[in-house]
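Colleague: Pasting a structure below so you can have a look.
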Amino acid sequence: MPLPYHERTHDCGALRASDVGKTVLLAGWVDNFRDLGGMVFVDLRDRGGITQVRFDPTTDPRAHEVARALRSEYVIVVRGEVVHRGDKVNPNLPTGEIEVKAHEIDLLSKSKTPPFMIADDIETNEDLRLENRFLDVRRTPVRRALMLRHRITKTIRDYFDRHGFLDIETPILTKSTPEGARDYLVPSRLQHGSFYALPQSPQLFKQLLMIGGLDRYMQIARCFRDEDLRADRQPEFTQVDVEMAFVQPENVMQHIEACMAEVAEAAVGVEVPLPLPRISYADAMRKYGRDAPDLRYDMTIKDVTAAVAGAEFNVFRDAVAAGGVVRCIVLTGGASMTRKETDGLTEEIKGIGAGGLPLVKVADEGGKTVFQTGIAKFIDTDTIRPKVLEASGARPGDLILFAAGTEANVSKYLGWLRTTLAERRGLIPKDQWAFCWVVDFPLFGYDEEARAIYPMHHPFTSPKDEDLHLMRVGDPELPPREDLLKVRAKAYDLVLNGIELGGGSIRIHRSDVQARMFQILGLSEEDARAKFQFLMEALQYGAPPHGGIALGLDRTVMLFGGFSSLRDVIAFPKNARAVCPLTDAPSVVTREQLKDLGLDRLHE
RNA sequence: GGGGCUGUAGCUCAAUUGGUCAGAGCGCCGGCCUGUCACGCCGGAGGUUGCGGGUUCGAGCCCCGUCAGCCUCGCCA
C-alpha cells in the first residue's frame with residue numbers, strides 16, 4: 001500500500017528530541033545520501049529544513065533496498081520512528097539531535113542530475129541559476145529571501161489594514177503616467193494603432209481614489225519601466241504605494257516610519273527608535289554630499305571656504321571668486337595612504353568630472369601640527385593652517401581631501417569620496433539600520449543642457465505653503481528662474497543606509513496651482529489635458545488635500561536580507577538585458593498574432 | 001549607445017614566453033564498506049577551450065569580428 005503523502009505529520013525542520021518515539025510521515029527531496037554498504041543515511045529536505053533518515057537492512061530490508069537506489073533530488077515519502085541519535089548528534093542541524101528510523105519508503109519521483117548542486121554555498125554563474133530557477137529556489141538562501149519577502153509584505157499589509165487603509169487594485173493596462181521613463185506598450189486588438197501602457201506607478205489612480213473620497217489607500221503594486229537595468233533596477237518591480245487625504249507630510253511620514261519599524265522588527269529583529277531623524281535636502285547635500293545620506297558613519301563634509309581665504313592656490317581662489325565653495329572631508333588615519341593610492345583616487349575622481357584632488361596629510365613635527373605633501377605648500381601657513389584644522393577637525397595622522405567649485409559639484413565629489421573611502425577602508429559598521437527622512441526638497445530643478453525647468457519629484461507635487469508666493473499663481477508673468485529654484489516642496493524621501501527606499505509628496509489639490517505648475521514646466525494646457533486629462537478634470541470637482549508615498553519593496557527586502565542584487569529577492573527576475581532566462585521572454589510571436597493586432601514586423 | 005570584466009568537462013577553476021597541457025576538485029556511473037552527516041576507499045566515463053575568421057611550422061594563449069553573461073556611465077526615482 002502506498003504511503004499517504006497527503007498526510008505528512010511534520011516538515012523536515014520540525015522534529016526535536018521531544019518528539020522521540022513518535023511515528024512520523026515525512027516527504028521531500030533527497031538532499032544527500034550516504035550508503036555505508038549496510039546502513040544508508042538520507043538527508044531529507046523540504047521547505048522547513050533537513051532531517052536525517054536512517055535505513056537499516058537488518059530491521060527494514062525492503063525500505064533499505066529502495067533507499068540504496070536513491071539519488072540527489074529524488075522525491076520520496078518515508079514513514080518511520082523518531083529516535084534520538086545518542087552520542088551521534090549533529091550540532092550543525094536544528095534537527096540534529098534526532099533522526100527518523102525509516103520503516104517504509106515510497107519513491108514518488110526521480111530526478112535527472114541537476115545542472116548545479118543544490119547547496120547553500122555554491123558559486124555558480126547566475127545565468128544558469130536563473131535558467132533553472134525552480135532548482136535554485138530549493139537552495140536555502142533563495143528560499144530564505146522569498147520567505148523574508150513574504151514576511152515583510154505581510155507585515156506591511158497588516159500595518160495598513162490596522163490603520164484603516166483600503167487595499168485597492170489599479171489597472172495594469174492603462175495610459176502612460178507622468179514619470180519620465182519609457183513605457184512598456186501593449187497594442188490594442190480592437191483599435192489598431194492604439195496602445196496601452198503598463199503603469200510606471202499607480203500615481204494618478206491613487207490621487208483619483210483620494211478625490212473619490214476613499215481617504216486612505218494602499219497597494220503593493222507592480223510597476224514597469226522600460227529602461228536599462230542595474231543590479232538594483234528591474235524592468236518590473238514592486239512598490240508599496242500609499243495615499244492619504246487631508247494630510248501634511250508629517251502624517252504620511254509618521255505612518256511610514258511606524259510601518260517600517262514593524263518591518264525592521266519582523267525582518268531582522270531590530271528595534272528602530274522613532275521618530276526617525278529628519279534632514280533637509282540642503283543639509284544632506286552639504287554634510288553628506290548626497291540626497292540619500294548614509295548615517296551609519298560620520299566623516300561629514302566640512303566647509304573651509306573662509307579658512308582658506310587668502311591661500312595662494314588658484315583652484316581655491318578661482319572657485320571662491322566665482323561664488324563657489326571650498327569644502328573637505330577628513331579621513332582619519334589617512335596619512336598612511338601611499339602616493340600610489342592617492343594618485344589612484346585622483347584618477348578615479350577625475351572620472352566623475354573633478355579637475356583633480358587637492359589634499360594634505362596632517363603630521364606632528366616636534367609637537368607642532370603641520371600639513372605635508374599635496375597642496376601643503378599653499379596652505380601650510382601659520383595663518384591658514386590653524387583655521388583649516390579648526391574647521392575640519394583634522395588631527396595628526398589624518399588625510400584632508402578638498403574640493404572646490406560650485407556647491408553642486410563639491411557635494412558630488414566629496415559625497416563620492418565619503419562613500420567610496422568608507423566602503424574601501426571598512427568604516428561602515430555592519431548590522432546597523434540607519435533610517436532617515438530627507439525633507440524640504442526643491443520643487444524644481446534646472447537642466448543646464450536642455451535649459452529647462454523640470455520637476456524634482458513629479459508635476460503634482462505641492463510647494464510648501466510658505467514658498468507658494470514665489471510661484472505667483474494668477475500673475476500672467478512667470479516668476480524668474482532663481483525664485484522658482486528656491487521653492488521647496490512638500491516632498492520627502494525615506495533613506496536606509498544610504499539607499500533611497502522611496503519618496504513621496506503632498507499633491508497639489510488646487511486646480512489653479514496645478515495649472516501654474518504646468519505653465520512653469522512649459523506644458524501647454526492642451527498638452528497637460530492630453531496627458532493627464534482625467535486628473536485635471538477630477539481636480540475641479542472638490543479635491544481634498546492629499547499626499548502619499550511609494551516605497552521600493554524589492555529594495556527593502558534586499559537591504560534587510562543583506563543581498564546585493566534585486567534578482568536575489570525576486571522569484572523570477574529578468575537579467576541585465578531584461579530577458580527572463582527561464583522562459584526566454586521576450587520572444588517572437590506568430591504572424592497571426594501580429595495581424596490581429598494590426599502590426600507589421602519592422603525591418604531594421 | 002559608450003566603457004570594463006568574463007567565457008576551458010555537468011559545476012568551480014588551472015594550463016610559465018605560442019611548443020605532449022586537454023588537467024584538478026566537486027558532481028556523475030560502477031564496485032566495496034553497518035553510525036555516516038563535505039562519509040571513506042578502488043575503478044571509470046565525460047571536452048567543437050562560446051562561435052567565425054586570421055597570423056604562425058604550431059593557437060586555450062596573439063589579432064579581427066561576433067554572440068552571451070555580469071558590472072558601470074548615459075538613461076532611469
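Letters A, B, ... mark the chains of the C-alpha cells in the order given; residue numbers begin at 1 per chain; ligand numbers begin at 1, in order shown.
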Could you name the residues that touch G47 of chain B at 10 Å or less, counting only C-alpha atoms (C1' of nucleotides), but leaving out those on the same chain fewer than 4 positions away, as JSON, numbers by chain?
Modeller: {"B": [8, 9, 22]}
Colleague: Could you pull the residues within 6 Å of segment 203-215 of chain A, counting only C-alpha atoms (C1' of nucleotides), minus those fewer than 4 positions along the same chain, as a list in words?
Modeller: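 So, after excluding close chain neighbours, the residues are Met244, Ala245 and Ala543 of chain A.
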Colleague: Identify every residue of chain A that has at least one atom within 6 Å of any atom of chain B, counting only C-alpha atoms (C1' of nucleotides), and report the result as a list in words.
Modeller: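 Therefore, the residues near the partner are Leu36, Gly37, Gly38, Met39, Pro115, Phe116 and Glu227 of chain A.
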Colleague: Could you pull the residues within 6 Å of segment 67-78 of chain A, counting only C-alpha atoms (C1' of nucleotides), minus those fewer than 2 positions along the same chain, as JSON, numbers by chain?
Modeller: {"A": [25, 26, 27, 28, 29, 30, 31, 64, 65, 104, 105, 106, 107, 108, 109, 110, 111]}
Colleague: Please return, as a compact mmCIF listing (two decimals) with N, CA, C and O atoms, in the first residue's frame, all residues of segment 345-576 of chain A that DSSP assigns to helix (DSSP H, G or I) on the basis of the backbone.
Modeller:
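For reference, result12.txt as written:
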```
# COMPACT_ATOMS: atom_id res chain seq x y z
N LEU A 345 43.14 57.53 -6.43
CA LEU A 345 41.91 58.23 -6.09
C LEU A 345 41.69 59.43 -7.00
O LEU A 345 40.58 59.70 -7.46
N THR A 346 42.80 60.16 -7.24
CA THR A 346 42.72 61.34 -8.09
C THR A 346 42.21 60.97 -9.47
O THR A 346 41.32 61.63 -10.03
N GLU A 347 42.75 59.90 -10.02
CA GLU A 347 42.30 59.46 -11.34
C GLU A 347 40.82 59.12 -11.34
O GLU A 347 40.07 59.48 -12.23
N GLU A 348 40.41 58.42 -10.27
CA GLU A 348 39.01 58.00 -10.21
C GLU A 348 38.06 59.19 -10.10
O GLU A 348 37.01 59.22 -10.73
N ILE A 349 38.45 60.18 -9.30
CA ILE A 349 37.54 61.31 -9.10
C ILE A 349 37.50 62.18 -10.36
O ILE A 349 36.49 62.82 -10.65
N LYS A 350 38.60 62.15 -11.12
CA LYS A 350 38.56 62.82 -12.42
C LYS A 350 37.52 62.15 -13.32
O LYS A 350 36.89 62.80 -14.14
N GLY A 351 37.39 60.85 -13.12
CA GLY A 351 36.44 60.09 -13.93
C GLY A 351 35.01 60.53 -13.74
O GLY A 351 34.16 60.32 -14.61
N ALA A 376 50.19 71.25 0.39
CA ALA A 376 50.69 71.81 1.66
C ALA A 376 51.41 73.13 1.43
O ALA A 376 51.28 74.07 2.23
N LYS A 377 52.15 73.23 0.31
CA LYS A 377 52.93 74.45 0.12
C LYS A 377 52.04 75.68 0.00
O LYS A 377 52.50 76.79 0.18
N PHE A 378 50.77 75.48 -0.33
CA PHE A 378 49.86 76.63 -0.45
C PHE A 378 49.16 76.95 0.86
O PHE A 378 48.83 78.10 1.13
N ILE A 379 48.87 75.95 1.66
CA ILE A 379 48.02 76.23 2.82
C ILE A 379 48.69 75.91 4.15
O ILE A 379 48.08 76.06 5.20
N ILE A 384 46.72 80.17 7.76
CA ILE A 384 45.68 79.30 7.21
C ILE A 384 45.55 77.99 7.97
O ILE A 384 44.44 77.53 8.28
N ARG A 385 46.70 77.38 8.30
CA ARG A 385 46.68 76.04 8.89
C ARG A 385 45.75 75.92 10.10
O ARG A 385 44.89 75.02 10.13
N PRO A 386 45.86 76.83 11.08
CA PRO A 386 45.00 76.67 12.27
C PRO A 386 43.53 76.75 11.93
O PRO A 386 42.71 76.03 12.51
N LYS A 387 43.19 77.59 10.96
CA LYS A 387 41.78 77.74 10.61
C LYS A 387 41.25 76.48 9.94
O LYS A 387 40.12 76.05 10.18
N VAL A 388 42.09 75.87 9.08
CA VAL A 388 41.67 74.64 8.42
C VAL A 388 41.52 73.52 9.44
O VAL A 388 40.57 72.73 9.41
N LEU A 389 42.47 73.45 10.38
CA LEU A 389 42.40 72.41 11.41
C LEU A 389 41.13 72.58 12.24
O LEU A 389 40.43 71.62 12.55
N GLU A 390 40.87 73.83 12.58
CA GLU A 390 39.69 74.15 13.39
C GLU A 390 38.40 73.75 12.65
O GLU A 390 37.54 73.08 13.20
N ALA A 391 38.32 74.16 11.39
CA ALA A 391 37.08 73.92 10.63
C ALA A 391 36.89 72.45 10.30
O ALA A 391 35.77 71.95 10.25
N SER A 392 37.99 71.75 10.08
CA SER A 392 37.88 70.36 9.64
C SER A 392 37.89 69.37 10.79
O SER A 392 37.39 68.26 10.67
N GLU A 407 28.62 74.57 -5.43
CA GLU A 407 28.11 73.72 -4.36
C GLU A 407 27.76 72.34 -4.87
O GLU A 407 28.08 71.32 -4.25
N ALA A 408 27.09 72.30 -6.01
CA ALA A 408 26.63 71.02 -6.53
C ALA A 408 27.80 70.09 -6.83
O ALA A 408 27.79 68.92 -6.46
N ASN A 409 28.83 70.63 -7.49
CA ASN A 409 29.98 69.79 -7.82
C ASN A 409 30.75 69.35 -6.59
O ASN A 409 31.16 68.20 -6.47
N VAL A 410 30.96 70.32 -5.67
CA VAL A 410 31.69 69.99 -4.45
C VAL A 410 30.98 68.88 -3.69
O VAL A 410 31.60 67.92 -3.21
N SER A 411 29.67 68.97 -3.61
CA SER A 411 28.90 67.92 -2.93
C SER A 411 29.08 66.59 -3.64
O SER A 411 29.25 65.55 -3.01
N LYS A 412 29.03 66.63 -4.96
CA LYS A 412 29.14 65.40 -5.73
C LYS A 412 30.48 64.71 -5.46
O LYS A 412 30.54 63.51 -5.17
N TYR A 413 31.57 65.48 -5.53
CA TYR A 413 32.90 64.88 -5.39
C TYR A 413 33.14 64.40 -3.96
O TYR A 413 33.63 63.30 -3.73
N LEU A 414 32.81 65.26 -2.99
CA LEU A 414 33.07 64.87 -1.60
C LEU A 414 32.11 63.77 -1.16
O LEU A 414 32.47 62.89 -0.37
N GLY A 415 30.91 63.81 -1.69
CA GLY A 415 29.96 62.73 -1.39
C GLY A 415 30.48 61.40 -1.92
O GLY A 415 30.41 60.37 -1.25
N TRP A 416 31.04 61.47 -3.12
CA TRP A 416 31.63 60.25 -3.70
C TRP A 416 32.81 59.76 -2.86
O TRP A 416 32.93 58.58 -2.56
N LEU A 417 33.66 60.71 -2.47
CA LEU A 417 34.82 60.33 -1.65
C LEU A 417 34.39 59.71 -0.32
O LEU A 417 34.94 58.70 0.12
N ARG A 418 33.37 60.33 0.27
CA ARG A 418 32.93 59.85 1.58
C ARG A 418 32.47 58.40 1.50
O ARG A 418 32.92 57.55 2.27
N THR A 419 31.59 58.11 0.55
CA THR A 419 31.07 56.75 0.48
C THR A 419 32.15 55.77 -0.01
O THR A 419 32.26 54.66 0.50
N THR A 420 32.94 56.21 -0.98
CA THR A 420 33.95 55.31 -1.53
C THR A 420 35.00 54.95 -0.49
O THR A 420 35.36 53.78 -0.31
N LEU A 421 35.51 55.98 0.20
CA LEU A 421 36.56 55.71 1.20
C LEU A 421 36.01 54.90 2.37
O LEU A 421 36.68 54.00 2.87
N ALA A 422 34.79 55.23 2.78
CA ALA A 422 34.21 54.49 3.91
C ALA A 422 34.07 53.01 3.56
O ALA A 422 34.37 52.13 4.36
N GLU A 423 33.65 52.76 2.33
CA GLU A 423 33.49 51.38 1.90
C GLU A 423 34.83 50.66 1.84
O GLU A 423 34.99 49.58 2.40
N ARG A 424 35.80 51.29 1.18
CA ARG A 424 37.08 50.62 0.96
C ARG A 424 37.85 50.44 2.25
O ARG A 424 38.61 49.49 2.39
N ASP A 465 3.71 75.68 1.82
CA ASP A 465 2.80 76.82 1.91
C ASP A 465 3.56 78.14 1.94
O ASP A 465 3.19 79.10 1.28
N GLU A 466 4.67 78.17 2.71
CA GLU A 466 5.39 79.43 2.87
C GLU A 466 6.17 79.83 1.62
O GLU A 466 6.68 80.94 1.54
N ASP A 467 6.32 78.88 0.65
CA ASP A 467 7.04 79.21 -0.58
C ASP A 467 6.12 79.41 -1.78
O ASP A 467 6.56 79.75 -2.87
N LEU A 468 4.82 79.19 -1.55
CA LEU A 468 3.87 79.24 -2.67
C LEU A 468 3.89 80.59 -3.39
O LEU A 468 3.79 80.64 -4.62
N HIS A 469 4.09 81.68 -2.60
CA HIS A 469 4.04 83.01 -3.21
C HIS A 469 5.08 83.17 -4.31
O HIS A 469 4.92 83.94 -5.24
N LEU A 470 6.19 82.41 -4.21
CA LEU A 470 7.26 82.53 -5.21
C LEU A 470 6.79 82.09 -6.59
O LEU A 470 7.40 82.44 -7.60
N MET A 471 5.71 81.31 -6.63
CA MET A 471 5.22 80.83 -7.93
C MET A 471 4.27 81.82 -8.57
O MET A 471 3.92 81.68 -9.74
N ARG A 481 13.62 82.53 -12.82
CA ARG A 481 14.10 81.18 -12.53
C ARG A 481 14.67 81.06 -11.12
O ARG A 481 14.42 80.09 -10.42
N GLU A 482 15.43 82.10 -10.68
CA GLU A 482 16.08 81.96 -9.37
C GLU A 482 15.04 81.87 -8.24
O GLU A 482 15.27 81.22 -7.23
N ASP A 483 13.88 82.50 -8.44
CA ASP A 483 12.82 82.36 -7.45
C ASP A 483 12.26 80.94 -7.45
O ASP A 483 12.04 80.34 -6.40
N LEU A 484 12.06 80.42 -8.65
CA LEU A 484 11.49 79.08 -8.76
C LEU A 484 12.39 78.04 -8.10
O LEU A 484 11.92 77.11 -7.45
N SER A 511 -6.73 73.52 -8.51
CA SER A 511 -6.54 73.43 -9.95
C SER A 511 -5.78 74.65 -10.48
O SER A 511 -5.06 74.54 -11.47
N ASP A 512 -5.88 75.81 -9.79
CA ASP A 512 -5.13 76.97 -10.29
C ASP A 512 -3.63 76.78 -10.07
O ASP A 512 -2.81 77.14 -10.91
N VAL A 513 -3.28 76.16 -8.95
CA VAL A 513 -1.86 75.90 -8.69
C VAL A 513 -1.33 74.85 -9.67
O VAL A 513 -0.23 74.97 -10.21
N GLN A 514 -2.17 73.85 -9.92
CA GLN A 514 -1.75 72.80 -10.85
C GLN A 514 -1.55 73.39 -12.25
O GLN A 514 -0.59 73.06 -12.94
N ALA A 515 -2.44 74.27 -12.65
CA ALA A 515 -2.30 74.90 -13.96
C ALA A 515 -1.01 75.71 -14.02
O ALA A 515 -0.27 75.68 -15.01
N ARG A 516 -0.72 76.43 -12.93
CA ARG A 516 0.50 77.22 -12.87
C ARG A 516 1.73 76.32 -13.00
O ARG A 516 2.72 76.66 -13.65
N MET A 517 1.64 75.19 -12.34
CA MET A 517 2.73 74.22 -12.37
C MET A 517 3.05 73.83 -13.81
O MET A 517 4.20 73.88 -14.25
N PHE A 518 2.02 73.45 -14.55
CA PHE A 518 2.23 73.05 -15.94
C PHE A 518 2.79 74.19 -16.76
O PHE A 518 3.66 74.01 -17.61
N GLN A 519 2.31 75.38 -16.45
CA GLN A 519 2.78 76.58 -17.16
C GLN A 519 4.28 76.75 -16.95
O GLN A 519 5.04 76.98 -17.88
N ILE A 520 4.69 76.64 -15.69
CA ILE A 520 6.10 76.81 -15.36
C ILE A 520 6.95 75.75 -16.06
O ILE A 520 8.07 76.01 -16.50
N GLU A 525 -1.63 73.99 -21.88
CA GLU A 525 -2.86 73.44 -21.31
C GLU A 525 -3.34 72.25 -22.12
O GLU A 525 -3.81 71.25 -21.57
N GLU A 526 -3.16 72.37 -23.43
CA GLU A 526 -3.57 71.26 -24.30
C GLU A 526 -2.74 70.01 -24.00
O GLU A 526 -3.28 68.91 -23.87
N ASP A 527 -1.40 70.21 -23.92
CA ASP A 527 -0.52 69.07 -23.62
C ASP A 527 -0.93 68.41 -22.32
O ASP A 527 -1.06 67.20 -22.22
N ALA A 528 -1.10 69.26 -21.32
CA ALA A 528 -1.43 68.75 -19.99
C ALA A 528 -2.76 67.99 -20.03
O ALA A 528 -2.88 66.91 -19.47
N ARG A 529 -3.71 68.57 -20.72
CA ARG A 529 -5.02 67.92 -20.81
C ARG A 529 -4.91 66.59 -21.55
O ARG A 529 -5.49 65.59 -21.15
N ALA A 530 -4.14 66.61 -22.62
CA ALA A 530 -4.00 65.38 -23.39
C ALA A 530 -3.38 64.29 -22.54
O ALA A 530 -3.76 63.13 -22.60
N LYS A 531 -2.44 64.69 -21.71
CA LYS A 531 -1.69 63.70 -20.96
C LYS A 531 -2.41 63.28 -19.68
O LYS A 531 -2.46 62.10 -19.33
N PHE A 532 -2.93 64.26 -18.98
CA PHE A 532 -3.49 63.97 -17.65
C PHE A 532 -4.96 64.38 -17.57
O PHE A 532 -5.44 64.74 -16.50
N GLN A 533 -5.62 64.33 -18.69
CA GLN A 533 -6.97 64.85 -18.80
C GLN A 533 -7.85 64.50 -17.61
O GLN A 533 -8.44 65.36 -16.97
N PHE A 534 -7.89 63.22 -17.29
CA PHE A 534 -8.82 62.78 -16.25
C PHE A 534 -8.45 63.35 -14.89
O PHE A 534 -9.31 63.70 -14.10
N LEU A 535 -7.14 63.52 -14.64
CA LEU A 535 -6.77 64.09 -13.35
C LEU A 535 -7.11 65.58 -13.32
O LEU A 535 -7.65 66.09 -12.33
N MET A 536 -6.82 66.28 -14.39
CA MET A 536 -7.14 67.71 -14.46
C MET A 536 -8.63 67.93 -14.23
O MET A 536 -9.04 68.83 -13.52
N GLU A 537 -9.40 67.07 -14.85
CA GLU A 537 -10.84 67.16 -14.71
C GLU A 537 -11.24 66.90 -13.26
O GLU A 537 -12.00 67.67 -12.65
N ALA A 538 -10.69 65.84 -12.70
CA ALA A 538 -11.07 65.44 -11.35
C ALA A 538 -10.73 66.52 -10.33
O ALA A 538 -11.47 66.74 -9.36
N LEU A 553 9.65 47.97 -2.62
CA LEU A 553 9.59 46.76 -1.81
C LEU A 553 10.81 45.87 -2.05
O LEU A 553 11.40 45.33 -1.12
N ASP A 554 11.19 45.73 -3.32
CA ASP A 554 12.33 44.87 -3.64
C ASP A 554 13.60 45.34 -2.94
O ASP A 554 14.35 44.54 -2.38
N ARG A 555 13.80 46.65 -2.98
CA ARG A 555 15.00 47.18 -2.31
C ARG A 555 14.94 46.98 -0.81
O ARG A 555 15.96 46.70 -0.17
N THR A 556 13.76 47.15 -0.26
CA THR A 556 13.61 46.95 1.19
C THR A 556 14.00 45.52 1.57
O THR A 556 14.77 45.31 2.52
N VAL A 557 13.49 44.57 0.81
CA VAL A 557 13.82 43.17 1.11
C VAL A 557 15.31 42.93 0.89
O VAL A 557 15.97 42.24 1.68
N MET A 558 15.84 43.51 -0.16
CA MET A 558 17.26 43.35 -0.46
C MET A 558 18.13 43.83 0.70
O MET A 558 19.04 43.12 1.14
N LEU A 559 17.81 45.01 1.22
CA LEU A 559 18.62 45.55 2.31
C LEU A 559 18.49 44.72 3.58
O LEU A 559 19.48 44.37 4.20
N PHE A 560 17.25 44.40 3.95
CA PHE A 560 17.07 43.65 5.19
C PHE A 560 17.61 42.22 5.06
O PHE A 560 17.98 41.60 6.05
N GLY A 561 17.64 41.70 3.85
CA GLY A 561 18.17 40.35 3.67
C GLY A 561 19.67 40.33 3.45
O GLY A 561 20.27 39.27 3.37
N LEU A 566 18.80 42.95 -6.73
CA LEU A 566 17.35 42.75 -6.67
C LEU A 566 16.98 41.36 -7.14
O LEU A 566 15.97 40.80 -6.74
N ARG A 567 17.81 40.79 -8.03
CA ARG A 567 17.50 39.46 -8.54
C ARG A 567 17.42 38.43 -7.42
O ARG A 567 16.75 37.41 -7.56
N ASP A 568 18.12 38.72 -6.33
CA ASP A 568 18.13 37.77 -5.21
C ASP A 568 16.81 37.75 -4.45
O ASP A 568 16.56 36.81 -3.69
N VAL A 569 15.98 38.77 -4.61
CA VAL A 569 14.76 38.83 -3.81
C VAL A 569 13.50 38.79 -4.67
O VAL A 569 12.40 39.04 -4.20
```
Colleague: As a list in words, please: every residue in segment 248-402 of chain A that DSSP puts in strand (DSSP E or B).
Modeller: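 Reading the DSSP output for segment 248-402 of chain A, strand (DSSP E or B) covers Arg278, Ile279, Ser280, Lys302, Asp303, Val325, Val326, Arg327, Cys328, Ile329, Val330, Leu331, Leu359, Val360, Lys361, Val362, Ala363, Asp364, Glu365, Lys368, Thr369, Val370, Phe371, Gln372, Leu399, Ile400, Leu401 and Phe402 of chain A.
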Colleague: List as a ChimeraX atom specification the protein and nucleic acid residues near G23 of chain B, meaning an atom at most 10 Å away when only C-alpha atoms (C1' of nucleotides) are counted, but skip any in the same chain fewer than 2 places from it.
Modeller: /B:14-15,21
